[in-house]
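Text of coords.txt (compact mmCIF, C-alpha atoms) as supplied:
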# COMPACT_ATOMS: atom_id res chain seq x y z
CA MET W 1 -28.33 135.88 140.71
CA PHE W 2 -25.74 133.13 140.44
CA GLU W 3 -24.77 134.52 137.05
CA LYS W 4 -24.21 137.93 138.65
CA ILE W 5 -21.94 136.52 141.39
CA LEU W 6 -19.97 134.59 138.78
CA THR W 7 -19.46 137.65 136.58
CA ARG W 8 -18.37 139.68 139.61
CA ALA W 9 -15.91 136.95 140.62
CA ARG W 10 -14.55 136.80 137.06
CA MET W 11 -13.99 140.55 136.97
CA ARG W 12 -12.20 140.45 140.31
CA SER W 13 -9.93 137.50 139.65
CA PRO W 14 -8.25 137.82 136.24
CA TRP W 15 -5.23 135.54 136.18
CA MET W 16 -2.90 136.63 133.44
CA LEU W 17 -0.59 134.83 131.07
CA HIS W 18 2.14 136.90 129.46
CA PHE W 19 3.49 135.75 126.12
CA ASP W 20 6.45 137.45 124.48
CA CYS W 21 5.82 136.95 120.79
CA GLY W 22 9.25 138.20 119.72
CA SER W 23 9.16 141.60 121.35
CA CYS W 24 12.27 143.74 121.96
CA ASN W 25 11.59 143.27 125.74
CA GLY W 26 10.53 146.92 126.13
CA CYS W 27 6.85 146.04 126.54
CA ASP W 28 7.70 142.90 128.54
CA ILE W 29 9.52 144.94 131.15
CA GLU W 30 6.54 147.29 131.36
CA VAL W 31 4.15 144.33 131.77
CA LEU W 32 6.26 142.92 134.60
CA ALA W 33 6.55 146.41 136.10
CA CYS W 34 2.78 146.26 136.67
CA LEU W 35 3.37 143.39 139.12
CA THR W 36 5.90 145.33 141.22
CA PRO W 37 5.03 147.23 144.41
CA VAL W 38 4.81 150.52 142.45
CA TYR W 39 1.77 149.45 140.41
CA ASP W 40 0.75 146.27 142.30
CA VAL W 41 -1.92 144.79 140.04
CA GLU W 42 -2.59 142.11 142.65
CA ARG W 43 -4.91 144.80 144.10
CA PHE W 44 -7.28 143.79 141.30
CA GLY W 45 -6.73 140.08 141.89
CA VAL W 46 -4.33 139.75 138.97
CA VAL W 47 -1.95 136.83 139.35
CA ASN W 48 0.84 136.09 136.90
CA THR W 49 0.24 132.39 136.25
CA GLY W 50 2.64 131.34 133.51
CA ASN W 51 0.29 128.45 132.76
CA PRO W 52 -2.28 128.79 129.97
CA MET W 53 -4.58 126.27 131.66
CA HIS W 54 -5.01 128.60 134.65
CA ALA W 55 -5.13 131.90 132.78
CA ASP W 56 -8.09 134.17 131.98
CA ILE W 57 -6.28 137.03 130.26
CA LEU W 58 -3.59 136.59 127.63
CA LEU W 59 -1.21 139.56 127.34
CA VAL W 60 0.73 139.41 124.08
CA THR W 61 3.66 141.66 123.25
CA GLY W 62 5.72 141.81 120.06
CA THR W 63 5.31 140.92 116.42
CA VAL W 64 3.97 137.60 115.27
CA ASN W 65 6.21 135.74 112.86
CA HIS W 66 5.84 132.48 110.99
CA ARG W 67 7.70 130.59 113.71
CA ASN W 68 5.79 131.67 116.78
CA ARG W 69 2.29 131.99 115.31
CA ASN W 70 1.71 128.30 116.08
CA VAL W 71 2.89 128.76 119.66
CA LEU W 72 0.55 131.73 120.09
CA ARG W 73 -2.36 129.79 118.61
CA ASN W 74 -1.54 126.81 120.85
CA LEU W 75 -1.44 128.92 124.02
CA TYR W 76 -4.75 130.55 123.11
CA ASP W 77 -6.36 127.18 122.47
CA GLN W 78 -5.12 125.78 125.78
CA MET W 79 -6.80 128.54 127.79
CA PRO W 80 -10.22 127.44 129.07
CA GLY W 81 -13.01 129.93 128.28
CA PRO W 82 -14.13 132.60 128.91
CA LYS W 83 -10.90 134.34 127.96
CA VAL W 84 -9.73 137.78 126.91
CA VAL W 85 -6.74 138.71 124.76
CA VAL W 86 -4.90 142.02 125.22
CA ALA W 87 -2.37 143.00 122.54
CA ILE W 88 0.32 145.33 123.85
CA GLY W 89 2.63 147.76 122.08
CA ALA W 90 2.97 148.95 118.51
CA CYS W 91 4.40 145.59 117.41
CA GLY W 92 1.62 143.57 119.00
CA LEU W 93 -0.98 145.81 117.36
CA THR W 94 0.27 145.90 113.78
CA GLY W 95 3.78 144.51 113.58
CA GLY W 96 5.24 147.97 114.29
CA ILE W 97 8.51 148.83 112.58
CA PHE W 98 9.02 145.16 111.72
CA ARG W 99 5.78 145.06 109.74
CA GLN W 100 7.47 144.82 106.35
CA ALA W 101 10.12 142.30 107.35
CA TRP W 102 9.92 139.10 105.28
CA ASN W 103 9.38 136.81 108.26
CA VAL W 104 6.70 138.87 110.02
CA VAL W 105 3.02 137.96 109.84
CA GLY W 106 1.86 141.23 111.49
CA GLY W 107 -0.17 142.03 114.60
CA VAL W 108 -1.54 139.52 117.08
CA ASP W 109 -5.02 139.82 115.55
CA ARG W 110 -3.82 138.11 112.39
CA VAL W 111 -3.65 134.85 114.37
CA ILE W 112 -6.09 135.03 117.30
CA PRO W 113 -9.05 137.33 118.11
CA VAL W 114 -7.94 140.36 120.15
CA ASP W 115 -10.29 142.12 122.59
CA VAL W 116 -8.22 145.11 123.72
CA TYR W 117 -5.44 147.00 121.92
CA VAL W 118 -2.90 148.88 124.09
CA PRO W 119 -0.73 151.16 121.91
CA GLY W 120 2.69 152.54 122.81
CA CYS W 121 6.37 151.90 122.13
CA PRO W 122 6.75 150.68 124.78
CA ALA W 123 3.25 150.80 126.30
CA LYS W 124 3.25 152.49 129.73
CA PRO W 125 2.34 150.35 132.75
CA GLU W 126 -0.63 152.66 133.41
CA ALA W 127 -1.87 152.01 129.86
CA ILE W 128 -1.42 148.26 130.30
CA ILE W 129 -3.43 148.30 133.55
CA ASP W 130 -6.12 150.33 131.76
CA GLY W 131 -6.13 147.74 129.00
CA VAL W 132 -6.52 144.86 131.45
CA VAL W 133 -9.37 146.67 133.23
CA MET W 134 -11.07 147.22 129.84
CA GLY W 135 -10.53 143.52 129.19
CA LEU W 136 -12.37 142.74 132.44
CA GLU W 137 -15.42 144.58 131.12
CA LYS W 138 -15.39 142.19 128.16
CA PHE W 139 -16.21 139.39 130.61
CA MET W 140 -19.59 141.12 131.06
CA GLU W 141 -20.25 140.71 127.35
CA LYS W 142 -18.85 137.18 127.28
CA GLN W 143 -20.94 135.92 130.18
CA HIS W 144 -23.63 134.59 127.88
CA VAL W 145 -21.18 132.76 125.68
CA ASP W 146 -21.70 129.03 126.02
CA ILE W 147 -18.67 127.73 127.92
CA SER W 148 -19.62 124.08 128.25
CA MET F 1 -27.54 112.44 166.99
CA ILE F 2 -28.84 115.89 166.05
CA ARG F 3 -25.83 117.41 167.78
CA HIS F 4 -23.56 115.29 165.59
CA GLY F 5 -25.46 116.37 162.48
CA ILE F 6 -25.05 120.03 163.36
CA LEU F 7 -21.35 119.52 164.11
CA ILE F 8 -20.78 117.76 160.77
CA ALA F 9 -22.63 120.49 158.85
CA ALA F 10 -20.70 123.20 160.71
CA ALA F 11 -17.38 121.48 159.96
CA LEU F 12 -18.25 121.12 156.26
CA ILE F 13 -19.23 124.80 155.97
CA PHE F 14 -16.85 126.55 158.35
CA GLY F 15 -13.76 124.40 157.65
CA PRO F 16 -13.24 125.68 154.09
CA LEU F 17 -14.65 129.12 154.99
CA VAL F 18 -12.09 129.65 157.75
CA GLY F 19 -9.31 128.24 155.54
CA GLY F 20 -10.27 130.64 152.74
CA LEU F 21 -10.35 133.67 155.04
CA ILE F 22 -6.96 132.74 156.48
CA SER F 23 -5.61 132.44 152.96
CA GLY F 24 -7.02 135.90 152.09
CA MET F 25 -5.44 137.40 155.20
CA ASP F 26 -2.19 135.67 154.33
CA ARG F 27 -2.16 137.31 150.89
CA ILE F 28 -2.85 140.78 152.33
CA LEU F 29 -0.16 140.46 155.01
CA THR F 30 2.38 139.11 152.52
CA ALA F 31 1.62 142.06 150.21
CA ARG F 32 2.07 144.52 153.10
CA VAL F 33 5.42 142.93 153.98
CA GLN F 34 6.48 143.53 150.36
CA SER F 35 5.17 147.13 150.61
CA ARG F 36 2.23 146.43 148.31
CA ILE F 37 -1.45 146.98 149.04
CA GLY F 38 -2.54 143.48 148.15
CA PRO F 39 -5.86 141.93 147.11
CA PRO F 40 -9.13 142.21 149.06
CA LEU F 41 -9.75 139.79 151.93
CA LEU F 42 -12.29 137.78 149.91
CA GLN F 43 -9.89 137.32 146.96
CA PRO F 44 -9.50 133.52 147.45
CA PHE F 45 -13.28 133.15 147.25
CA TYR F 46 -13.47 135.22 144.06
CA ASP F 47 -10.74 133.00 142.62
CA VAL F 48 -12.54 129.79 143.48
CA ILE F 49 -15.97 131.00 142.27
CA LYS F 50 -14.37 132.10 139.00
CA LEU F 51 -12.58 128.76 138.63
CA LEU F 52 -15.82 126.87 139.28
CA GLY F 53 -17.46 128.85 136.46
CA LYS F 54 -14.72 128.22 133.93
CA GLU F 55 -14.78 125.80 131.06
CA LYS F 56 -14.03 122.27 132.25
CA VAL F 57 -10.90 120.91 130.60
CA VAL F 58 -10.21 117.39 131.78
CA VAL F 59 -6.83 116.06 130.73
CA ASN F 60 -7.86 112.60 131.86
CA VAL F 61 -10.62 111.01 133.90
CA TRP F 62 -8.27 109.87 136.68
CA GLN F 63 -7.19 113.39 137.40
CA ALA F 64 -10.82 114.53 137.75
CA PHE F 65 -11.49 111.61 140.09
CA CYS F 66 -8.38 112.39 142.14
CA ALA F 67 -9.36 116.05 142.60
CA ASN F 68 -12.74 114.96 143.94
CA ALA F 69 -11.18 112.28 146.17
CA TYR F 70 -8.72 114.83 147.60
CA LEU F 71 -11.55 117.20 148.52
CA THR F 72 -13.60 114.36 150.01
CA ALA F 73 -10.74 113.10 152.18
CA ALA F 74 -9.77 116.60 153.32
CA SER F 75 -13.33 117.45 154.35
CA ILE F 76 -13.81 114.10 156.13
CA ALA F 77 -10.65 114.82 158.13
CA VAL F 78 -12.03 118.22 159.20
CA VAL F 79 -15.38 116.66 160.14
CA LEU F 80 -13.62 114.01 162.26
CA LEU F 81 -11.58 116.72 163.98
CA CYS F 82 -14.81 118.54 164.89
CA LEU F 83 -16.31 115.27 166.17
CA ARG F 84 -13.22 114.89 168.43
CA SER F 85 -12.45 111.55 166.89
CA ASP F 86 -9.23 109.54 166.78
CA LEU F 87 -6.14 111.63 165.96
CA LEU F 88 -4.37 108.83 164.06
CA LEU F 89 -7.46 108.20 161.92
CA ILE F 90 -7.66 111.91 161.05
CA LEU F 91 -4.00 112.06 160.08
CA PHE F 92 -4.26 108.94 157.92
CA ILE F 93 -7.33 110.23 156.10
CA GLN F 94 -5.57 113.54 155.51
CA ALA F 95 -2.59 111.59 154.10
CA VAL F 96 -4.89 109.63 151.75
CA GLY F 97 -6.23 112.92 150.39
CA SER F 98 -2.73 114.24 149.74
CA VAL F 99 -1.79 110.99 147.99
CA PHE F 100 -4.78 111.39 145.67
CA LEU F 101 -3.60 114.89 144.75
CA VAL F 102 -0.18 113.45 143.85
CA VAL F 103 -1.66 110.52 141.90
CA GLY F 104 -3.78 113.00 139.93
CA ALA F 105 -0.67 114.99 139.03
CA PHE F 106 1.15 111.78 138.06
CA SER F 107 -1.68 110.76 135.74
CA SER F 108 -0.99 113.63 133.34
CA THR F 109 1.93 113.63 130.94
CA SER F 110 3.12 117.20 131.56
CA PRO F 111 6.72 117.18 132.80
CA TYR F 112 5.98 120.09 135.17
CA SER F 113 3.16 118.12 136.71
CA GLN F 114 5.34 114.99 136.98
CA ILE F 115 8.26 116.70 138.69
CA GLY F 116 5.85 118.60 140.94
CA ALA F 117 4.26 115.31 141.96
CA HIS F 118 7.67 113.78 142.73
CA ARG F 119 8.55 116.72 144.92
CA GLU F 120 5.18 116.62 146.69
CA LEU F 121 5.85 112.94 147.47
CA LEU F 122 9.20 113.95 148.99
CA GLN F 123 7.45 116.64 151.02
CA MET F 124 4.99 114.05 152.33
CA LEU F 125 7.88 111.70 153.07
CA CYS F 126 9.37 114.51 155.13
CA TYR F 127 6.35 115.58 157.18
CA GLU F 128 4.24 112.43 157.64
CA PRO F 129 6.63 110.69 160.13
CA LEU F 130 6.89 113.95 162.10
CA LEU F 131 3.10 114.26 162.22
CA ILE F 132 2.85 110.72 163.59
CA LEU F 133 5.53 111.53 166.20
CA VAL F 134 3.47 114.52 167.35
CA ALA F 135 0.45 112.22 167.68
CA VAL F 136 2.59 109.79 169.70
CA GLY F 137 3.53 112.65 172.01
CA VAL F 138 -0.15 113.50 172.46
CA TYR F 139 -0.75 109.83 173.31
CA LEU F 140 2.03 109.76 175.91
CA GLN F 141 0.61 112.89 177.50
CA THR F 142 -3.09 111.95 177.53
CA GLY F 143 -3.03 108.13 177.36
CA SER F 144 -5.30 108.10 174.33
CA PHE F 145 -5.29 109.03 170.65
CA ARG F 146 -8.80 110.45 170.96
CA ILE F 147 -9.09 114.23 170.79
CA ALA F 148 -11.75 114.10 173.51
CA ALA F 149 -8.95 113.05 175.90
CA VAL F 150 -7.01 116.20 175.02
CA HIS F 151 -10.03 118.33 175.89
CA ALA F 152 -10.29 116.52 179.24
CA LEU F 153 -6.83 117.79 180.30
CA HIS F 154 -6.66 120.45 183.03
CA GLN F 155 -3.40 121.97 181.84
CA PRO F 156 -2.48 123.13 178.30
CA MET F 157 -0.56 120.44 176.42
CA LEU F 158 1.91 123.06 175.14
CA LEU F 159 3.63 123.20 178.55
CA LYS F 160 4.47 119.49 178.33
CA LEU F 161 5.05 119.23 174.58
CA PRO F 162 6.84 122.48 173.62
CA PHE F 163 9.30 120.84 171.21
CA LEU F 164 6.60 118.75 169.58
CA PHE F 165 4.69 121.98 168.96
CA LEU F 166 7.75 123.35 167.14
CA VAL F 167 7.78 120.14 165.08
CA LEU F 168 4.11 120.69 164.27
CA GLY F 169 5.04 124.21 163.13
CA LEU F 170 7.67 122.69 160.83
CA VAL F 171 5.08 120.25 159.45
CA LEU F 172 2.66 123.14 158.92
CA THR F 173 5.26 125.05 156.91
CA ILE F 174 5.93 122.04 154.68
CA LYS F 175 2.27 121.12 154.35
CA LEU F 176 1.15 124.65 153.44
CA ARG F 177 4.04 124.81 150.93
CA LYS F 178 5.46 127.96 152.45
CA SER F 179 9.04 129.05 151.67
CA PRO F 180 11.58 127.48 152.12
CA PHE F 181 9.48 124.39 151.40
CA ASP F 182 7.42 125.57 148.36
CA LEU F 183 9.02 122.94 146.15
CA SER F 184 6.10 121.23 144.43
CA THR F 185 3.97 124.29 143.72
CA SER F 186 3.70 127.81 144.98
CA HIS F 187 1.17 130.56 145.59
CA HIS F 188 3.77 133.15 144.72
CA ALA F 189 5.13 134.31 141.41
CA HIS F 190 5.82 131.32 139.21
CA GLN F 191 9.03 129.39 139.63
CA GLU F 192 10.94 127.06 137.36
CA LEU F 193 8.15 124.48 137.65
CA VAL F 194 5.44 127.04 136.75
CA LYS F 195 2.59 125.61 138.83
CA GLY F 196 4.27 122.23 139.36
CA LEU F 197 1.87 119.81 140.95
CA LEU F 198 -1.19 121.86 139.94
CA THR F 199 -0.16 122.51 136.32
CA ASP F 200 -2.73 120.24 134.71
CA TYR F 201 -5.54 120.81 137.19
CA SER F 202 -7.58 123.63 135.69
CA GLY F 203 -10.95 125.36 136.01
CA PRO F 204 -13.39 123.58 138.35
CA LEU F 205 -10.85 120.84 139.22
CA LEU F 206 -8.33 123.46 140.38
CA ALA F 207 -11.11 125.01 142.45
CA LEU F 208 -11.69 121.63 144.17
CA THR F 209 -8.01 121.27 145.04
CA GLU F 210 -8.01 124.85 146.35
CA ILE F 211 -11.01 124.20 148.62
CA ALA F 212 -9.36 120.98 149.81
CA HIS F 213 -6.21 122.97 150.58
CA TRP F 214 -8.31 125.33 152.73
CA CYS F 215 -9.65 122.26 154.57
CA ASP F 216 -6.07 121.05 155.14
CA THR F 217 -5.12 124.48 156.51
CA ALA F 218 -8.11 124.45 158.86
CA LEU F 219 -7.29 120.88 159.94
CA LEU F 220 -3.66 121.57 160.81
CA LEU F 221 -4.47 124.85 162.58
CA GLY F 222 -7.18 122.93 164.48
CA PHE F 223 -4.49 120.43 165.45
CA CYS F 224 -2.32 123.35 166.66
CA SER F 225 -5.21 124.68 168.74
CA LEU F 226 -5.32 121.36 170.64
CA PHE F 227 -2.07 122.38 172.32
CA TRP F 228 -4.00 125.01 174.30
CA ALA F 229 -7.35 123.23 174.44
CA THR F 230 -8.17 124.32 178.00
CA ASN F 231 -9.12 127.85 177.02
CA PRO F 232 -10.70 128.99 173.70
CA ILE F 233 -9.00 132.40 173.83
CA GLY F 234 -5.63 130.75 174.48
CA ALA F 235 -6.22 128.36 171.58
CA LEU F 236 -7.13 131.24 169.26
CA LEU F 237 -4.06 133.23 170.31
CA LEU F 238 -1.80 130.22 169.84
CA VAL F 239 -3.16 129.60 166.33
CA ALA F 240 -2.87 133.29 165.41
CA VAL F 241 0.72 133.52 166.62
CA THR F 242 1.61 130.27 164.82
CA TYR F 243 0.16 131.45 161.54
CA LEU F 244 1.78 134.89 161.79
CA MET F 245 5.09 133.11 162.28
CA GLU F 246 4.33 131.04 159.17
CA ILE F 247 3.77 134.19 157.11
CA TRP F 248 6.95 135.71 158.51
CA ILE F 249 9.02 132.62 157.69
CA ASP F 250 7.42 132.49 154.24
CA ASN F 251 8.55 136.05 153.54
CA VAL F 252 12.08 135.95 154.93
CA CYS F 253 13.11 132.61 153.45
CA ALA F 254 14.15 131.64 149.96
CA ARG F 255 13.16 128.35 148.42
CA MET F 256 15.55 125.48 149.14
CA ASN F 257 15.94 122.14 147.38
CA TRP F 258 14.46 118.81 148.43
CA ARG F 259 17.75 117.38 149.74
CA TRP F 260 18.00 120.21 152.23
CA MET F 261 14.32 119.76 153.11
CA LEU F 262 14.73 116.06 153.88
CA GLY F 263 17.94 116.64 155.87
CA TYR F 264 16.61 119.57 157.82
CA GLY F 265 13.05 118.26 158.23
CA TRP F 266 14.06 114.82 159.45
CA GLY F 267 17.17 115.94 161.37
CA MET F 268 15.56 118.85 163.16
CA GLY F 269 12.08 117.33 163.41
CA MET F 270 13.15 113.92 164.72
CA ALA F 271 15.71 115.38 167.13
CA LEU F 272 13.18 117.79 168.66
CA SER F 273 10.52 115.05 168.85
CA LEU F 274 12.92 112.58 170.47
CA VAL F 275 14.02 115.09 173.12
CA ASN F 276 10.42 115.81 173.97
CA LEU F 277 9.34 112.15 173.94
CA VAL F 278 12.27 111.04 176.11
CA TRP F 279 11.52 113.87 178.53
CA LEU F 280 7.85 112.81 178.68
CA TYR F 281 8.84 109.16 179.21
CA ALA F 282 11.48 109.86 181.88
CA ARG F 283 9.32 112.26 183.82

Could you quickly redo this structure as C-alpha cells?
Amino acid sequence: MFEKILTRARMRSPWMLHFDCGSCNGCDIEVLACLTPVYDVERFGVVNTGNPMHADILLVTGTVNHRNRNVLRNLYDQMPGPKVVVAIGACGLTGGIFRQAWNVVGGVDRVIPVDVYVPGCPAKPEAIIDGVVMGLEKFMEKQHVDIS
Amino acid sequence: MIRHGILIAAALIFGPLVGGLISGMDRILTARVQSRIGPPLLQPFYDVIKLLGKEKVVVNVWQAFCANAYLTAASIAVVLLCLRSDLLLILFIQAVGSVFLVVGAFSSTSPYSQIGAHRELLQMLCYEPLLILVAVGVYLQTGSFRIAAVHALHQPMLLKLPFLFLVLGLVLTIKLRKSPFDLSTSHHAHQELVKGLLTDYSGPLLALTEIAHWCDTALLLGFCSLFWATNPIGALLLVAVTYLMEIWIDNVCARMNWRWMLGYGWGMGMALSLVNLVWLYAR
C-alpha cells in the first residue's frame, strides 16, 4: 500500500529541470510557455526547479555537442533517482539540421538514456505537456528500481 | 498526565498537517491571483511524500544532522505552544531550529547554498529582535511570559497591542520568506540564487526541512491567534485575515535586497513596537 501512495505522489509531483543543450531557443520558449497561465503545468504539480538535486524530470532541448555533453551527463548524474528524461524538439531527438556539423554529437540519447521523445521544430507546448505526462507513467515502471 | 500526552501527540500530528494545508491553500490562491488554476490542495503533501521516497543524496553528514535538528526543534516549539508553555522558551527553541537550517546550508560548498545561508542569517537578524519585542509587549500586558496567562485575559490582546500585532505580521512575512523578503530561498519560480539556502538539501532531507517549515508556519500563526485568545472564532478569523494579507503582500510585492530589509524591518518594526510599548507603560 505504501508503494502505491508513493507512486501516486511521484506522478503528482514531478519537479522539472530544463537544460538548454545548445538549442536555438525555439523549444526553450515553448517549454517556458508551459509554465505560463495559458498552459499552467503547475496544475499537475510541475515546478520549475533549476536545481538538479531537486528535480525528477529532465527536459533537454537542442543538439548535444562535444562541449556540453559533459554538462548534460553531470546534470543527469546529480539528479537523485527515480528520474525521467524527456528530449524535446528535432535537435534534441537526433541533432536535427545540425546533425552533420563537425562539432555535434547528435541527439540527447547519445549521452544519457531518454525515456520520452517529443518531436517538433519547435515542439508545441501541448506536445511537451503530453511528453511530460507520458514521462510520469514511466515512474510506474521505475517504481521497482532499487533507489537505495 | 494523559491530557498532556494527548496534547503532545495532537501537536505533533496537527502542527505539520495544518501547516501543509495552509501551504496548499496558499499555492492555489497565489495561482488564482495570477489567473492560473493552480495545483490541488494536497500538493504539498504529494511533494513531501515523493521527496521522502527519493534516493538519499547526502552531501555531508552535518547537513543531514542539521535537517533532523531543525525538524526536531520546530516540532518541540509547536508542542510547547500547545502545552501553553513559556513564550520566550518557545521563541528561543524556534530560533535554534532556524540556526541549524543555516548551519546545514553553510556546511556544503555550493556557492548558492552559502549565499542563501548568509541571507537567511540576515533575515533572522532582522526578525528575531522584533519577535522578542512582541513577547515583551505580551509580558507588559499580562505580567507573565506564560501563554496560560494570555488565555486568562478577559479582553483580546489585540485591542491593547495593535502595533505589536503589525510587527508580528512583518515578522511572519520575513519568516515565511514571502516577497519582498524571499531573499534566501523562494517557493516561486527560481531566482538568481536558484534554491539558495535549500540548494544542497535534497530528497528526504529536503522533505524534513519542508515539514519543519510547516511547523514554523503553524507556530507563528498560533502566536498570532493569541492576540484574540478569548474567543476561538475570533482567533480563527484573525489568523485567516492575517494569512490572506500575507498572500496578498506576497503577490503584489517584488523582491527587495537585504539592505532594504534590515532598514525597513528594524526601522518600521522597532518604531511600531516602541510606540506600543511606551503606550502600554504610560497607560

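With all atoms listed in the file taken into account, chain F has Arg36, Gly38, Pro39, Tyr46, Asp47, Lys50, Glu55 and Ser202 of chain F at most 6 Å from chain W.
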
Pick out the residues sitting within 10 Å of F:Ala73, and hand them over as a PyMOL selection string; count all atoms listed in the file, and ignore anything fewer than 4 positions along from it in its own chain.
chain F and resi 68-69+77-79+90+92-98+100+212+215-216

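For the pair atom CA of W:Gly106 and atom CA of W:Tyr76, the interatomic distance is 17.1 Å.
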
Excluding F:Leu125 and its own-chain neighbours fewer than 5 positions away, which residues fall within 12 Å of it when counting only C-alpha atoms? Please give them as number ranges by chain.
F: 95, 98-99, 118-120, 130-132, 171, 174-175, 258-259, 261-263, 265-266

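Residues in contact with F:Ser179 at 10 Å, where only C-alpha atoms are counted and same-chain residues fewer than 6 positions away are skipped, are listed as F:Thr173, F:Ser186, F:His188, F:Glu246, F:Ile247, F:Trp248, F:Ile249, F:Asp250, F:Asn251, F:Val252, F:Cys253, F:Ala254, F:Arg255, F:Met256.
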
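Atom CA of F:Leu101 is found 17.0 Å from atom CA of F:Val57.
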
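Of note, atom CA of W:Leu93 and atom CA of W:Gly22 are spaced 13.0 Å apart.
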
Using all atoms listed in the file, which residues sit within 9 Å of W:Pro125 once same-chain residues fewer than 5 positions away are excluded, as a ChimeraX atom specification?
/W:27,30-34,39,130

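The residue that comes closest to F:Ile22, out of F:Leu42, F:Val103, F:Ala207, F:Leu87 and on the basis of all atoms listed in the file, is F:Leu42.
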
If you count all atoms listed in the file, the residue of F:Leu272, F:Leu161, F:Ile2, F:Leu206 closest to F:Ile49 turns out to be F:Leu206

Of the listed residues F:Leu176, F:Met268, F:Phe65, F:Asp86, that which approaches F:Thr217 most closely, counting all atoms listed in the file:
F:Leu176

Place N, CA and C atoms on stretch 143-156 of chain F and deliver the coordinates as a PDB file, keeping the file's coordinate frame.
ATOM      1  N   GLY F 143      -2.685 109.545 177.231  1.00  0.00           N
ATOM      2  CA  GLY F 143      -3.030 108.130 177.360  1.00  0.00           C
ATOM      3  C   GLY F 143      -4.049 107.672 176.343  1.00  0.00           C
ATOM      4  N   SER F 144      -4.329 108.508 175.350  1.00  0.00           N
ATOM      5  CA  SER F 144      -5.300 108.100 174.330  1.00  0.00           C
ATOM      6  C   SER F 144      -5.038 108.890 173.057  1.00  0.00           C
ATOM      7  N   PHE F 145      -5.423 108.291 171.907  1.00  0.00           N
ATOM      8  CA  PHE F 145      -5.290 109.030 170.650  1.00  0.00           C
ATOM      9  C   PHE F 145      -6.532 109.869 170.379  1.00  0.00           C
ATOM     10  N   ARG F 146      -7.555 109.716 171.219  1.00  0.00           N
ATOM     11  CA  ARG F 146      -8.800 110.450 170.960  1.00  0.00           C
ATOM     12  C   ARG F 146      -8.649 111.920 171.361  1.00  0.00           C
ATOM     13  N   ILE F 147      -9.214 112.800 170.522  1.00  0.00           N
ATOM     14  CA  ILE F 147      -9.090 114.230 170.790  1.00  0.00           C
ATOM     15  C   ILE F 147      -9.866 114.598 172.049  1.00  0.00           C
ATOM     16  N   ALA F 148     -10.951 113.839 172.310  1.00  0.00           N
ATOM     17  CA  ALA F 148     -11.750 114.100 173.510  1.00  0.00           C
ATOM     18  C   ALA F 148     -10.867 114.054 174.757  1.00  0.00           C
ATOM     19  N   ALA F 149      -9.852 113.160 174.749  1.00  0.00           N
ATOM     20  CA  ALA F 149      -8.950 113.050 175.900  1.00  0.00           C
ATOM     21  C   ALA F 149      -8.117 114.314 176.071  1.00  0.00           C
ATOM     22  N   VAL F 150      -7.771 114.954 174.946  1.00  0.00           N
ATOM     23  CA  VAL F 150      -7.010 116.200 175.020  1.00  0.00           C
ATOM     24  C   VAL F 150      -7.862 117.277 175.695  1.00  0.00           C
ATOM     25  N   HIS F 151      -9.144 117.306 175.325  1.00  0.00           N
ATOM     26  CA  HIS F 151     -10.030 118.330 175.890  1.00  0.00           C
ATOM     27  C   HIS F 151     -10.287 118.078 177.369  1.00  0.00           C
ATOM     28  N   ALA F 152     -10.044 116.834 177.829  1.00  0.00           N
ATOM     29  CA  ALA F 152     -10.290 116.520 179.240  1.00  0.00           C
ATOM     30  C   ALA F 152      -9.120 116.972 180.130  1.00  0.00           C
ATOM     31  N   LEU F 153      -7.997 117.378 179.503  1.00  0.00           N
ATOM     32  CA  LEU F 153      -6.830 117.790 180.300  1.00  0.00           C
ATOM     33  C   LEU F 153      -7.132 119.075 181.070  1.00  0.00           C
ATOM     34  N   HIS F 154      -6.457 119.237 182.230  1.00  0.00           N
ATOM     35  CA  HIS F 154      -6.660 120.450 183.030  1.00  0.00           C
ATOM     36  C   HIS F 154      -5.607 121.503 182.733  1.00  0.00           C
ATOM     37  N   GLN F 155      -4.513 121.072 182.087  1.00  0.00           N
ATOM     38  CA  GLN F 155      -3.400 121.970 181.840  1.00  0.00           C
ATOM     39  C   GLN F 155      -3.107 121.963 180.341  1.00  0.00           C
ATOM     40  N   PRO F 156      -2.774 123.129 179.748  1.00  0.00           N
ATOM     41  CA  PRO F 156      -2.480 123.130 178.300  1.00  0.00           C
ATOM     42  C   PRO F 156      -1.350 122.153 177.970  1.00  0.00           C
TER      43      PRO F 156
END
